[in-house]
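Q: Here it is, the structure, as structure tokens.
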Amino acid sequence: MHITAESLDDLLHETYEYILANGERASPTRGTNSEVRNCILTLLNPRSRISLSEVRSKVISCLGEFLWYLSGSNSIDFIEYYIKDYRDRINFTKDSTDPVPGAYGSRIFGQPNQFNKIVELLEKSKDSRRAVIAIYSENDLLGDDSRDVPCTCTLQFFIRNDKLHLTCYMRSNDAALGLVHDIFSFTLLQEIMLAKLITKYPNLELGEYTHIVGSLHIYDKNIDQIFHYLSKEGWQYHASMPPISPKLLEDSIKKILEIEIDIRVHRSCDLSKLDLLEDQIFKEMAIILFVYFFVKFDKTNISGLQELETKCSSIPIKAFINKRIQGLLTKGLK
């Protein structure tokens with residue numbers, strides 16, 4: 001199976017229909033599911049990484065997970081702020097403060113830093129086939145801790161015909177839950193890699209994102225959500241996030257991670273900090289963080305949400321905020 005699409009929603013729509021029609025029944029440890037094997041999904045426009053639907057738009061948890069990776073953290077408290085049942089998913093007790101054993105960020109950006117090594121490699125050898133970040137390791141197979149074994153095996157970057165492509169190889173992928181998050185984070189890593197290489201290769205452009213999965217599946221418990229997505233929400237129009245500015249990249253990463261800590265750890269909701277971010281895509285990431293603060297701690301603040309909406313330029317993020325505003329207005333809040 002090889003599905004190619006321009007946007008995430010188009011890719012999801014075709015993928016879900018294929019699994020429902022062709023999936024074989026399997027019953028691994030996490031529950032009974034419908035599974036297809038050896039799947040290839042190609043997103044032609046990696047910036048179209050957000051679903052515009054109601055049930056598949058996981059903007060907050062997607063961004064939270066991406067920033068968790070980008071920070072190099074393996075803290076359960078960090079990711080639990082954005083995905084409240086994450087502790088249960090990986091069989092952590094409520095009191096556990098252990099590092100998350102399968103955390104991608106510490107594997108990608110820890111020491112030694114694989115991501116930076118790939119930058120160096122591609123700067124030296126444009127056509128290299130060795131630009132591979134290894135996430136799954138032999139310790140995941142041989143070790144005693146099986147609470148959180150990475151589903152992603154490798155991320156391989158290619159420069160071909162002046163385009164930077166990324167191919168992700170996964171041993172297993174939950175199509176209803178994990179797929180949306182993985183494509184969001186990995187296409188952003190692809191774009192950050194592009195921004196880091198653009199000085200060396202000024203004509204380099206963003207290429208395709210390809211997602212290869214050994215076992216792609218939908219759990220029975222999520223079937224109703226998938227049917228709703230396919231039958232009630234239908235096809236979505238195409239919309240992309242803004243491109244990353246290479247010149248502003250390092251400063252933008254530093255500031256977005258600082259703002260994330262201020263909001264999550266210190267409960268600071270200073271909207272003026274948005275002015276510190278010159279790159280629109282990172283500004284909109286910060287806007288999402290502030291929106292989540294309102295949703296989590298100040299649910300009736302419609303004026304705050306409306307102010308944030310006016311600061312957005314991309315359709316996916318404006319749509320995300322507007323849905324929250326309309327939800328509050330429906331409840332009679334002003």
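Letters A, B, ... go to the chains of the structure tokens in the order shown; residues in each chain start at 1; ligands are counted from 1 in the same order.
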Quick one: residues within 9 Å of Asp174 in chain A, only C-alpha atoms, excluding same-chain residues fewer than 2 positions away - as a CSV table (one decimal) with N, CA and C atoms, in the first residue's frame?
A:
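Heads up, here's the output in around.csv:
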```csv
chain,number,residue,atom,x,y,z
A,172,SER,N,5.7,0.2,14.3
A,172,SER,CA,4.3,0.2,14.7
A,172,SER,C,3.8,1.6,14.8
A,176,ALA,N,-5.0,6.0,14.5
A,176,ALA,CA,-6.0,7.0,15.0
A,176,ALA,C,-5.4,8.0,16.0
A,177,LEU,N,-4.3,7.7,16.6
A,177,LEU,CA,-3.8,8.5,17.7
A,177,LEU,C,-2.4,9.0,17.3
A,178,GLY,N,-1.5,8.1,17.1
A,178,GLY,CA,-0.1,8.4,17.0
A,178,GLY,C,0.3,9.1,15.6
A,179,LEU,N,-0.4,8.6,14.6
A,179,LEU,CA,0.0,9.1,13.2
A,179,LEU,C,0.0,10.6,13.1
A,215,SER,N,3.6,-2.1,11.0
A,215,SER,CA,2.2,-2.4,11.4
A,215,SER,C,1.5,-1.1,11.6
A,216,LEU,N,0.5,-0.7,10.7
A,216,LEU,CA,-0.3,0.4,10.8
A,216,LEU,C,-1.7,0.0,11.2
A,217,HIS,N,-2.3,0.5,12.3
A,217,HIS,CA,-3.5,-0.2,12.8
A,217,HIS,C,-4.4,0.8,13.4
A,218,ILE,N,-5.7,0.4,13.5
A,218,ILE,CA,-6.7,1.2,14.2
A,218,ILE,C,-7.3,0.3,15.3
A,219,TYR,N,-7.2,0.7,16.5
A,219,TYR,CA,-7.8,-0.1,17.6
A,219,TYR,C,-9.3,0.0,17.6
```
Q: Give me, as a ChimeraX atom specification, all polymer residues having an atom no more than 7 Å from range 147-153 of chain A, counting only C-alpha atoms and skipping those fewer than 6 positions away in the same chain.
A: /A:90-91,101-102,134-136,140,169-173
Q: Produce a file of the selected residues containing N, CA and C atoms, as a PDB file, in the first residue's frame.
A:
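So again_29.pdb came out as:
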```
ATOM      1  N   ILE A  90       2.013   4.668  29.197  1.00  0.00           N
ATOM      2  CA  ILE A  90       3.312   3.990  29.275  1.00  0.00           C
ATOM      3  C   ILE A  90       3.477   3.239  30.597  1.00  0.00           C
ATOM      4  N   ASN A  91       2.357   3.045  31.290  1.00  0.00           N
ATOM      5  CA  ASN A  91       2.347   2.240  32.521  1.00  0.00           C
ATOM      6  C   ASN A  91       3.242   2.812  33.618  1.00  0.00           C
ATOM      7  N   PRO A 101      11.499   6.296  29.408  1.00  0.00           N
ATOM      8  CA  PRO A 101      12.557   5.521  28.749  1.00  0.00           C
ATOM      9  C   PRO A 101      12.578   5.635  27.229  1.00  0.00           C
ATOM     10  N   GLY A 102      11.406   5.845  26.615  1.00  0.00           N
ATOM     11  CA  GLY A 102      11.353   5.896  25.155  1.00  0.00           C
ATOM     12  C   GLY A 102      11.286   7.299  24.587  1.00  0.00           C
ATOM     13  N   ALA A 134      18.971   7.350  14.527  1.00  0.00           N
ATOM     14  CA  ALA A 134      18.474   6.096  15.096  1.00  0.00           C
ATOM     15  C   ALA A 134      17.743   6.388  16.406  1.00  0.00           C
ATOM     16  N   ILE A 135      16.478   6.010  16.469  1.00  0.00           N
ATOM     17  CA  ILE A 135      15.687   6.210  17.682  1.00  0.00           C
ATOM     18  C   ILE A 135      15.514   4.881  18.429  1.00  0.00           C
ATOM     19  N   TYR A 136      15.048   3.863  17.745  1.00  0.00           N
ATOM     20  CA  TYR A 136      14.960   2.526  18.335  1.00  0.00           C
ATOM     21  C   TYR A 136      16.372   1.945  18.414  1.00  0.00           C
ATOM     22  N   ASP A 140      16.358  -1.364  23.500  1.00  0.00           N
ATOM     23  CA  ASP A 140      14.899  -1.463  23.560  1.00  0.00           C
ATOM     24  C   ASP A 140      14.443  -2.907  23.380  1.00  0.00           C
ATOM     25  N   TYR A 169      10.879   5.578   9.362  1.00  0.00           N
ATOM     26  CA  TYR A 169      10.616   4.134   9.407  1.00  0.00           C
ATOM     27  C   TYR A 169      10.091   3.785  10.800  1.00  0.00           C
ATOM     28  N   MET A 170       8.895   3.209  10.851  1.00  0.00           N
ATOM     29  CA  MET A 170       8.291   2.865  12.136  1.00  0.00           C
ATOM     30  C   MET A 170       7.965   1.373  12.205  1.00  0.00           C
ATOM     31  N   ARG A 171       8.204   0.772  13.371  1.00  0.00           N
ATOM     32  CA  ARG A 171       7.854  -0.636  13.544  1.00  0.00           C
ATOM     33  C   ARG A 171       6.349  -0.796  13.744  1.00  0.00           C
ATOM     34  N   SER A 172       5.730   0.241  14.335  1.00  0.00           N
ATOM     35  CA  SER A 172       4.306   0.176  14.684  1.00  0.00           C
ATOM     36  C   SER A 172       3.760   1.584  14.785  1.00  0.00           C
ATOM     37  N   ASN A 173       2.491   1.779  14.384  1.00  0.00           N
ATOM     38  CA  ASN A 173       1.897   3.114  14.426  1.00  0.00           C
ATOM     39  C   ASN A 173       0.383   3.015  14.607  1.00  0.00           C
TER      40      ASN A 173
END
```
Q: I'd like the contact shell of Tyr18 in chain A - 12 Å cut-off, only C-alpha atoms, skipping same-chain residues fewer than 3 positions apart - returned as a list in words.
A: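 Result of the neighbour search: Met1, His2, Ile3, Leu11, Leu12, His13, Glu14, Thr15, Ala21, Asn22, Gly23, Glu24, Ser34, Glu35, Val36, Arg37, Cys39, Leu41, Ala175, Leu216, His217, Ile218, Ile226 and Leu230 of chain A.
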Q: So which bits of range 130-247 of chain A end up helix (DSSP H, G or I) when you DSSP the backbone, as a PyMOL selection string?
A: chain A and resi 138-142+178-197+220-233+246-247
Q: Export, as a short mmCIF file (atom, residue, chain, number, x, y, z; two decimals), in the first residue's frame, the selected residues with C-alpha atoms.
A:
```cif
data_model
loop_
_atom_site.label_atom_id
_atom_site.label_comp_id
_atom_site.auth_asym_id
_atom_site.auth_seq_id
_atom_site.Cartn_x
_atom_site.Cartn_y
_atom_site.Cartn_z
CA GLU A 138 19.20 -2.66 20.66
CA ASN A 139 18.61 -1.79 24.31
CA ASP A 140 14.90 -1.46 23.56
CA LEU A 141 14.94 -5.09 22.49
CA LEU A 142 17.36 -6.49 25.07
CA GLY A 178 -0.07 8.43 16.95
CA LEU A 179 -0.03 9.07 13.21
CA VAL A 180 -1.22 12.69 13.47
CA HIS A 181 1.36 13.46 16.16
CA ASP A 182 4.25 11.77 14.37
CA ILE A 183 3.69 13.53 11.06
CA PHE A 184 3.40 16.90 12.82
CA SER A 185 6.67 16.54 14.72
CA PHE A 186 8.74 14.85 12.05
CA THR A 187 7.81 17.28 9.28
CA LEU A 188 8.82 20.13 11.60
CA LEU A 189 12.16 18.40 12.19
CA GLN A 190 12.47 18.13 8.41
CA GLU A 191 11.87 21.86 8.08
CA ILE A 192 14.34 22.72 10.84
CA MET A 193 16.94 20.59 9.08
CA LEU A 194 16.21 22.54 5.88
CA ALA A 195 16.68 25.83 7.72
CA LYS A 196 20.05 24.68 9.08
CA LEU A 197 21.27 23.57 5.64
CA ASP A 220 -11.37 -1.20 18.05
CA LYS A 221 -11.87 1.40 20.80
CA ASN A 222 -11.20 4.18 18.25
CA ILE A 223 -13.36 2.90 15.39
CA ASP A 224 -16.30 5.22 16.18
CA GLN A 225 -14.02 8.29 16.03
CA ILE A 226 -12.68 7.20 12.66
CA PHE A 227 -16.16 6.59 11.24
CA HIS A 228 -17.21 10.04 12.45
CA TYR A 229 -14.19 11.62 10.77
CA LEU A 230 -14.91 9.86 7.48
CA SER A 231 -18.70 10.20 7.40
CA LYS A 232 -19.47 13.46 9.22
CA GLU A 233 -16.52 15.76 8.59
CA PRO A 246 16.50 30.15 8.55
CA LYS A 247 17.95 33.48 9.73
#
```
Q: Which residues are close to range 59-76 of chain A, i.e. within 9 Å by only C-alpha atoms, leaving aside same-chain residues fewer than 6 positions away? Reply as a PDB file with N, CA and C atoms, in the first residue's frame.
A:
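File produced: selection.pdb:
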```pdb
ATOM      1  N   ILE A  50      -1.312  19.884   9.707  1.00  0.00           N
ATOM      2  CA  ILE A  50      -2.368  19.974  10.716  1.00  0.00           C
ATOM      3  C   ILE A  50      -3.699  19.587  10.105  1.00  0.00           C
ATOM      4  N   SER A  51      -4.454  18.745  10.812  1.00  0.00           N
ATOM      5  CA  SER A  51      -5.809  18.418  10.364  1.00  0.00           C
ATOM      6  C   SER A  51      -6.741  19.579  10.698  1.00  0.00           C
ATOM      7  N   TYR A  82       0.600  18.260  28.513  1.00  0.00           N
ATOM      8  CA  TYR A  82      -0.078  18.353  27.225  1.00  0.00           C
ATOM      9  C   TYR A  82      -0.904  17.101  26.889  1.00  0.00           C
ATOM     10  N   ILE A  83      -0.475  15.962  27.385  1.00  0.00           N
ATOM     11  CA  ILE A  83      -1.192  14.709  27.131  1.00  0.00           C
ATOM     12  C   ILE A  83      -1.446  14.073  28.498  1.00  0.00           C
ATOM     13  N   TYR A  86      -0.760  10.409  29.417  1.00  0.00           N
ATOM     14  CA  TYR A  86       0.501   9.839  28.928  1.00  0.00           C
ATOM     15  C   TYR A  86       1.093   8.863  29.943  1.00  0.00           C
ATOM     16  N   ARG A  87       0.977   9.196  31.216  1.00  0.00           N
ATOM     17  CA  ARG A  87       1.501   8.332  32.277  1.00  0.00           C
ATOM     18  C   ARG A  87       0.852   6.954  32.219  1.00  0.00           C
ATOM     19  N   PHE A  92       3.259   4.137  33.748  1.00  0.00           N
ATOM     20  CA  PHE A  92       3.928   4.800  34.860  1.00  0.00           C
ATOM     21  C   PHE A  92       2.938   4.929  36.011  1.00  0.00           C
ATOM     22  N   SER A  96       5.460   8.176  39.954  1.00  0.00           N
ATOM     23  CA  SER A  96       6.754   7.945  39.314  1.00  0.00           C
ATOM     24  C   SER A  96       7.342   9.236  38.753  1.00  0.00           C
ATOM     25  N   THR A  97       8.592   9.449  39.039  1.00  0.00           N
ATOM     26  CA  THR A  97       9.334  10.585  38.465  1.00  0.00           C
ATOM     27  C   THR A  97      10.475  10.084  37.578  1.00  0.00           C
ATOM     28  N   ASP A  98      10.434   8.820  37.213  1.00  0.00           N
ATOM     29  CA  ASP A  98      11.472   8.253  36.345  1.00  0.00           C
ATOM     30  C   ASP A  98      11.518   8.987  35.016  1.00  0.00           C
ATOM     31  N   PRO A  99      12.687   9.072  34.401  1.00  0.00           N
ATOM     32  CA  PRO A  99      12.750   9.564  33.022  1.00  0.00           C
ATOM     33  C   PRO A  99      11.924   8.643  32.119  1.00  0.00           C
ATOM     34  N   VAL A 100      11.262   9.216  31.121  1.00  0.00           N
ATOM     35  CA  VAL A 100      10.498   8.404  30.180  1.00  0.00           C
ATOM     36  C   VAL A 100      11.495   7.624  29.319  1.00  0.00           C
ATOM     37  N   PRO A 101      11.499   6.296  29.408  1.00  0.00           N
ATOM     38  CA  PRO A 101      12.557   5.521  28.749  1.00  0.00           C
ATOM     39  C   PRO A 101      12.578   5.635  27.229  1.00  0.00           C
ATOM     40  N   GLY A 102      11.406   5.845  26.615  1.00  0.00           N
ATOM     41  CA  GLY A 102      11.353   5.896  25.155  1.00  0.00           C
ATOM     42  C   GLY A 102      11.286   7.299  24.587  1.00  0.00           C
ATOM     43  N   ALA A 103      11.572   8.316  25.416  1.00  0.00           N
ATOM     44  CA  ALA A 103      11.460   9.706  24.964  1.00  0.00           C
ATOM     45  C   ALA A 103      12.348   9.960  23.750  1.00  0.00           C
ATOM     46  N   TYR A 104      11.756  10.502  22.684  1.00  0.00           N
ATOM     47  CA  TYR A 104      12.506  10.729  21.448  1.00  0.00           C
ATOM     48  C   TYR A 104      13.496  11.886  21.574  1.00  0.00           C
ATOM     49  N   GLY A 105      13.118  12.924  22.316  1.00  0.00           N
ATOM     50  CA  GLY A 105      13.931  14.126  22.366  1.00  0.00           C
ATOM     51  C   GLY A 105      15.342  13.881  22.856  1.00  0.00           C
ATOM     52  N   SER A 106      15.465  13.113  23.940  1.00  0.00           N
ATOM     53  CA  SER A 106      16.791  12.837  24.492  1.00  0.00           C
ATOM     54  C   SER A 106      17.595  11.943  23.562  1.00  0.00           C
ATOM     55  N   ARG A 107      16.922  11.155  22.733  1.00  0.00           N
ATOM     56  CA  ARG A 107      17.618  10.282  21.783  1.00  0.00           C
ATOM     57  C   ARG A 107      18.072  11.069  20.548  1.00  0.00           C
ATOM     58  N   ILE A 108      17.294  12.070  20.164  1.00  0.00           N
ATOM     59  CA  ILE A 108      17.630  12.853  18.967  1.00  0.00           C
ATOM     60  C   ILE A 108      18.575  14.004  19.299  1.00  0.00           C
ATOM     61  N   PHE A 109      18.265  14.744  20.389  1.00  0.00           N
ATOM     62  CA  PHE A 109      18.998  15.975  20.693  1.00  0.00           C
ATOM     63  C   PHE A 109      19.900  15.854  21.922  1.00  0.00           C
ATOM     64  N   GLY A 110      19.968  14.660  22.523  1.00  0.00           N
ATOM     65  CA  GLY A 110      20.850  14.466  23.671  1.00  0.00           C
ATOM     66  C   GLY A 110      22.303  14.438  23.243  1.00  0.00           C
ATOM     67  N   VAL A 180      -1.092  11.236  13.561  1.00  0.00           N
ATOM     68  CA  VAL A 180      -1.220  12.694  13.469  1.00  0.00           C
ATOM     69  C   VAL A 180      -0.062  13.383  14.191  1.00  0.00           C
ATOM     70  N   HIS A 181       0.282  12.866  15.381  1.00  0.00           N
ATOM     71  CA  HIS A 181       1.365  13.462  16.160  1.00  0.00           C
ATOM     72  C   HIS A 181       2.716  13.255  15.496  1.00  0.00           C
ATOM     73  N   ASP A 182       2.954  12.070  14.979  1.00  0.00           N
ATOM     74  CA  ASP A 182       4.252  11.769  14.375  1.00  0.00           C
ATOM     75  C   ASP A 182       4.504  12.620  13.135  1.00  0.00           C
ATOM     76  N   PHE A 184       3.216  15.507  12.397  1.00  0.00           N
ATOM     77  CA  PHE A 184       3.403  16.899  12.818  1.00  0.00           C
ATOM     78  C   PHE A 184       4.840  17.138  13.262  1.00  0.00           C
ATOM     79  N   SER A 185       5.334  16.326  14.177  1.00  0.00           N
ATOM     80  CA  SER A 185       6.674  16.543  14.723  1.00  0.00           C
ATOM     81  C   SER A 185       7.766  16.293  13.698  1.00  0.00           C
ATOM     82  N   PHE A 186       7.645  15.213  12.952  1.00  0.00           N
ATOM     83  CA  PHE A 186       8.740  14.846  12.053  1.00  0.00           C
ATOM     84  C   PHE A 186       8.846  15.802  10.854  1.00  0.00           C
ATOM     85  N   LEU A 188       8.177  18.945  11.043  1.00  0.00           N
ATOM     86  CA  LEU A 188       8.824  20.132  11.597  1.00  0.00           C
ATOM     87  C   LEU A 188      10.327  19.914  11.749  1.00  0.00           C
ATOM     88  N   LEU A 189      10.733  18.709  12.146  1.00  0.00           N
ATOM     89  CA  LEU A 189      12.162  18.405  12.194  1.00  0.00           C
ATOM     90  C   LEU A 189      12.769  18.479  10.795  1.00  0.00           C
ATOM     91  N   ILE A 253      14.012  29.139  18.332  1.00  0.00           N
ATOM     92  CA  ILE A 253      13.973  27.928  19.150  1.00  0.00           C
ATOM     93  C   ILE A 253      14.234  28.264  20.617  1.00  0.00           C
ATOM     94  N   ILE A 256      11.041  30.144  22.011  1.00  0.00           N
ATOM     95  CA  ILE A 256       9.820  29.355  22.162  1.00  0.00           C
ATOM     96  C   ILE A 256       9.943  28.386  23.330  1.00  0.00           C
ATOM     97  N   LEU A 257      11.137  27.850  23.551  1.00  0.00           N
ATOM     98  CA  LEU A 257      11.332  26.944  24.679  1.00  0.00           C
ATOM     99  C   LEU A 257      11.287  27.706  26.000  1.00  0.00           C
ATOM    100  N   GLU A 260       7.610  28.407  26.601  1.00  0.00           N
ATOM    101  CA  GLU A 260       6.938  27.163  27.005  1.00  0.00           C
ATOM    102  C   GLU A 260       7.140  26.915  28.496  1.00  0.00           C
ATOM    103  N   MET A 285       3.167  29.063  17.250  1.00  0.00           N
ATOM    104  CA  MET A 285       3.347  28.003  18.244  1.00  0.00           C
ATOM    105  C   MET A 285       3.108  28.561  19.648  1.00  0.00           C
ATOM    106  N   ILE A 288      -0.519  29.052  20.351  1.00  0.00           N
ATOM    107  CA  ILE A 288      -1.169  27.795  20.740  1.00  0.00           C
ATOM    108  C   ILE A 288      -0.931  27.510  22.222  1.00  0.00           C
ATOM    109  N   LEU A 289       0.277  27.759  22.706  1.00  0.00           N
ATOM    110  CA  LEU A 289       0.586  27.531  24.122  1.00  0.00           C
ATOM    111  C   LEU A 289      -0.270  28.430  25.011  1.00  0.00           C
ATOM    112  N   VAL A 291      -3.202  29.745  24.143  1.00  0.00           N
ATOM    113  CA  VAL A 291      -4.581  29.260  24.029  1.00  0.00           C
ATOM    114  C   VAL A 291      -4.805  28.107  24.998  1.00  0.00           C
ATOM    115  N   TYR A 292      -3.858  27.199  25.053  1.00  0.00           N
ATOM    116  CA  TYR A 292      -4.000  26.049  25.952  1.00  0.00           C
ATOM    117  C   TYR A 292      -4.033  26.501  27.408  1.00  0.00           C
ATOM    118  N   ILE A 317      -4.244  27.487  12.314  1.00  0.00           N
ATOM    119  CA  ILE A 317      -4.226  27.952  13.701  1.00  0.00           C
ATOM    120  C   ILE A 317      -5.418  28.863  13.982  1.00  0.00           C
ATOM    121  N   PHE A 320      -8.318  26.617  14.503  1.00  0.00           N
ATOM    122  CA  PHE A 320      -8.186  25.961  15.805  1.00  0.00           C
ATOM    123  C   PHE A 320      -8.701  26.874  16.920  1.00  0.00           C
TER     124      PHE A 320
END
```
Q: Hey, can you check how far CA of Glu307 in chain A sits from CA of Leu271 in chain A?
A: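 Here the two named atoms are 9.4 Å from each other.
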Q: So which residues touch Ile325 in chain A within 12 Å, counting only C-alpha atoms, skipping near sequence neighbours fewer than 3 positions away, as a PyMOL selection string?
A: chain A and resi 291+294-295+299-309+318-322+328-334
Q: Take the selection from the previous step and output its residues with N, CA, C and O atoms, as a CSV table (one decimal), in the first residue's frame.
A:
```
chain,number,residue,atom,x,y,z
A,291,VAL,N,-3.2,29.7,24.1
A,291,VAL,CA,-4.6,29.3,24.0
A,291,VAL,C,-4.8,28.1,25.0
A,291,VAL,O,-5.8,28.1,25.7
A,294,PHE,N,-5.3,29.3,28.5
A,294,PHE,CA,-6.7,29.8,28.7
A,294,PHE,C,-7.7,28.6,28.8
A,294,PHE,O,-8.5,28.6,29.7
A,295,VAL,N,-7.5,27.6,28.0
A,295,VAL,CA,-8.4,26.4,28.0
A,295,VAL,C,-8.3,25.7,29.3
A,295,VAL,O,-9.3,25.2,29.9
A,299,LYS,N,-11.0,29.3,31.4
A,299,LYS,CA,-11.8,28.8,30.4
A,299,LYS,C,-12.8,29.8,29.8
A,299,LYS,O,-13.3,29.7,28.7
A,300,THR,N,-13.1,30.9,30.6
A,300,THR,CA,-14.1,31.8,30.1
A,300,THR,C,-13.5,33.1,29.4
A,300,THR,O,-14.2,34.0,29.1
A,301,ASN,N,-12.2,33.1,29.2
A,301,ASN,CA,-11.5,34.3,28.7
A,301,ASN,C,-11.7,34.3,27.1
A,301,ASN,O,-10.7,34.1,26.4
A,302,ILE,N,-12.8,34.7,26.7
A,302,ILE,CA,-13.1,34.8,25.2
A,302,ILE,C,-12.3,35.9,24.6
A,302,ILE,O,-11.7,35.8,23.5
A,303,SER,N,-12.2,37.0,25.3
A,303,SER,CA,-11.5,38.2,24.8
A,303,SER,C,-10.0,37.9,24.6
A,303,SER,O,-9.4,38.3,23.6
A,304,GLY,N,-9.4,37.1,25.5
A,304,GLY,CA,-8.0,36.7,25.4
A,304,GLY,C,-7.8,35.8,24.1
A,304,GLY,O,-6.9,36.0,23.4
A,305,LEU,N,-8.8,34.9,23.9
A,305,LEU,CA,-8.7,34.0,22.7
A,305,LEU,C,-8.9,34.8,21.4
A,305,LEU,O,-8.2,34.6,20.4
A,306,GLN,N,-9.8,35.8,21.5
A,306,GLN,CA,-10.0,36.6,20.3
A,306,GLN,C,-8.8,37.5,20.0
A,306,GLN,O,-8.4,37.7,18.8
A,307,GLU,N,-8.1,38.0,21.0
A,307,GLU,CA,-6.9,38.7,20.8
A,307,GLU,C,-5.8,37.8,20.1
A,307,GLU,O,-5.1,38.3,19.2
A,308,LEU,N,-5.7,36.6,20.6
A,308,LEU,CA,-4.7,35.7,20.0
A,308,LEU,C,-5.1,35.3,18.6
A,308,LEU,O,-4.2,35.2,17.7
A,309,GLU,N,-6.4,35.2,18.3
A,309,GLU,CA,-6.8,34.9,16.9
A,309,GLU,C,-6.3,36.0,15.9
A,309,GLU,O,-5.9,35.7,14.8
A,318,LYS,N,-5.8,29.7,13.0
A,318,LYS,CA,-7.0,30.6,13.2
A,318,LYS,C,-8.2,29.7,13.4
A,318,LYS,O,-9.1,30.0,14.2
A,319,ALA,N,-8.3,28.6,12.6
A,319,ALA,CA,-9.5,27.7,12.7
A,319,ALA,C,-9.5,27.0,14.0
A,319,ALA,O,-10.5,26.9,14.6
A,320,PHE,N,-8.3,26.6,14.5
A,320,PHE,CA,-8.2,26.0,15.8
A,320,PHE,C,-8.7,26.9,16.9
A,320,PHE,O,-9.5,26.5,17.8
A,321,ILE,N,-8.3,28.1,16.9
A,321,ILE,CA,-8.7,29.1,18.0
A,321,ILE,C,-10.2,29.4,17.8
A,321,ILE,O,-10.9,29.5,18.8
A,322,ASN,N,-10.6,29.6,16.6
A,322,ASN,CA,-12.0,30.0,16.4
A,322,ASN,C,-13.0,28.9,16.9
A,322,ASN,O,-14.1,29.2,17.4
A,328,LEU,N,-17.2,28.4,23.3
A,328,LEU,CA,-17.6,29.2,24.5
A,328,LEU,C,-18.8,30.1,24.2
A,328,LEU,O,-19.7,30.2,25.1
A,329,LEU,N,-18.9,30.6,23.0
A,329,LEU,CA,-20.1,31.5,22.7
A,329,LEU,C,-21.4,30.6,22.7
A,329,LEU,O,-22.4,31.1,23.1
A,330,THR,N,-21.2,29.4,22.3
A,330,THR,CA,-22.4,28.5,22.3
A,330,THR,C,-22.9,28.2,23.7
A,330,THR,O,-24.1,28.1,23.9
A,331,LYS,N,-21.9,28.2,24.6
A,331,LYS,CA,-22.3,28.0,26.0
A,331,LYS,C,-22.8,29.3,26.7
A,331,LYS,O,-23.2,29.3,27.9
A,332,GLY,N,-22.9,30.4,25.9
A,332,GLY,CA,-23.5,31.6,26.5
A,332,GLY,C,-22.5,32.5,27.1
A,332,GLY,O,-22.8,33.5,27.8
A,333,LEU,N,-21.2,32.2,27.0
A,333,LEU,CA,-20.1,33.0,27.6
A,333,LEU,C,-19.8,34.2,26.7
A,333,LEU,O,-19.8,34.1,25.5
A,334,LYS,N,-19.4,35.3,27.3
A,334,LYS,CA,-19.0,36.5,26.5
A,334,LYS,C,-17.7,37.1,27.0
A,334,LYS,O,-17.4,36.9,28.2
```
Q: Using only C-alpha atoms, pick whichever of A:Arg160, A:Thr4, A:Ala131, A:Met241 has the shortest atom-to-atom distance to Glu205 in chain A.
A: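 Once distances to Glu205 in chain A are computed over only C-alpha atoms, the minimum belongs to A:Arg160.
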Q: Would you pick out the contacts of Lys200 in chain A at 10 Å or less, using only C-alpha atoms, so that residues sharing its chain but fewer than 5 positions from it are not included, and give the list as an MDAnalysis selection string?
A: chainID A and resid 122:124 126
Q: Residues of the last selection are to be written out with C-alpha atoms, as a PDB file, in the first residue's frame.
A:
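Generated output (out14.pdb):
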```pdb
ATOM      1  CA  LEU A 122      24.932  16.614   4.797  1.00  0.00           C
ATOM      2  CA  GLU A 123      27.025  19.773   4.646  1.00  0.00           C
ATOM      3  CA  LYS A 124      30.035  17.609   3.798  1.00  0.00           C
ATOM      4  CA  LYS A 126      25.140  16.369  -0.164  1.00  0.00           C
TER       5      LYS A 126
END
```
Q: Can you check which residues of range 139-196 of chain A DSSP gives as strand (DSSP E or B) on the backbone and send them as a ChimeraX atom specification?
A: /A:152-160,163-174
Q: Give me, please, the distance in Å between CA of Ser128 in chain A and CA of His211 in chain A, quoted to one decimal.
A: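 We find that CA of Ser128 in chain A and CA of His211 in chain A lie 19.6 Å from each other.
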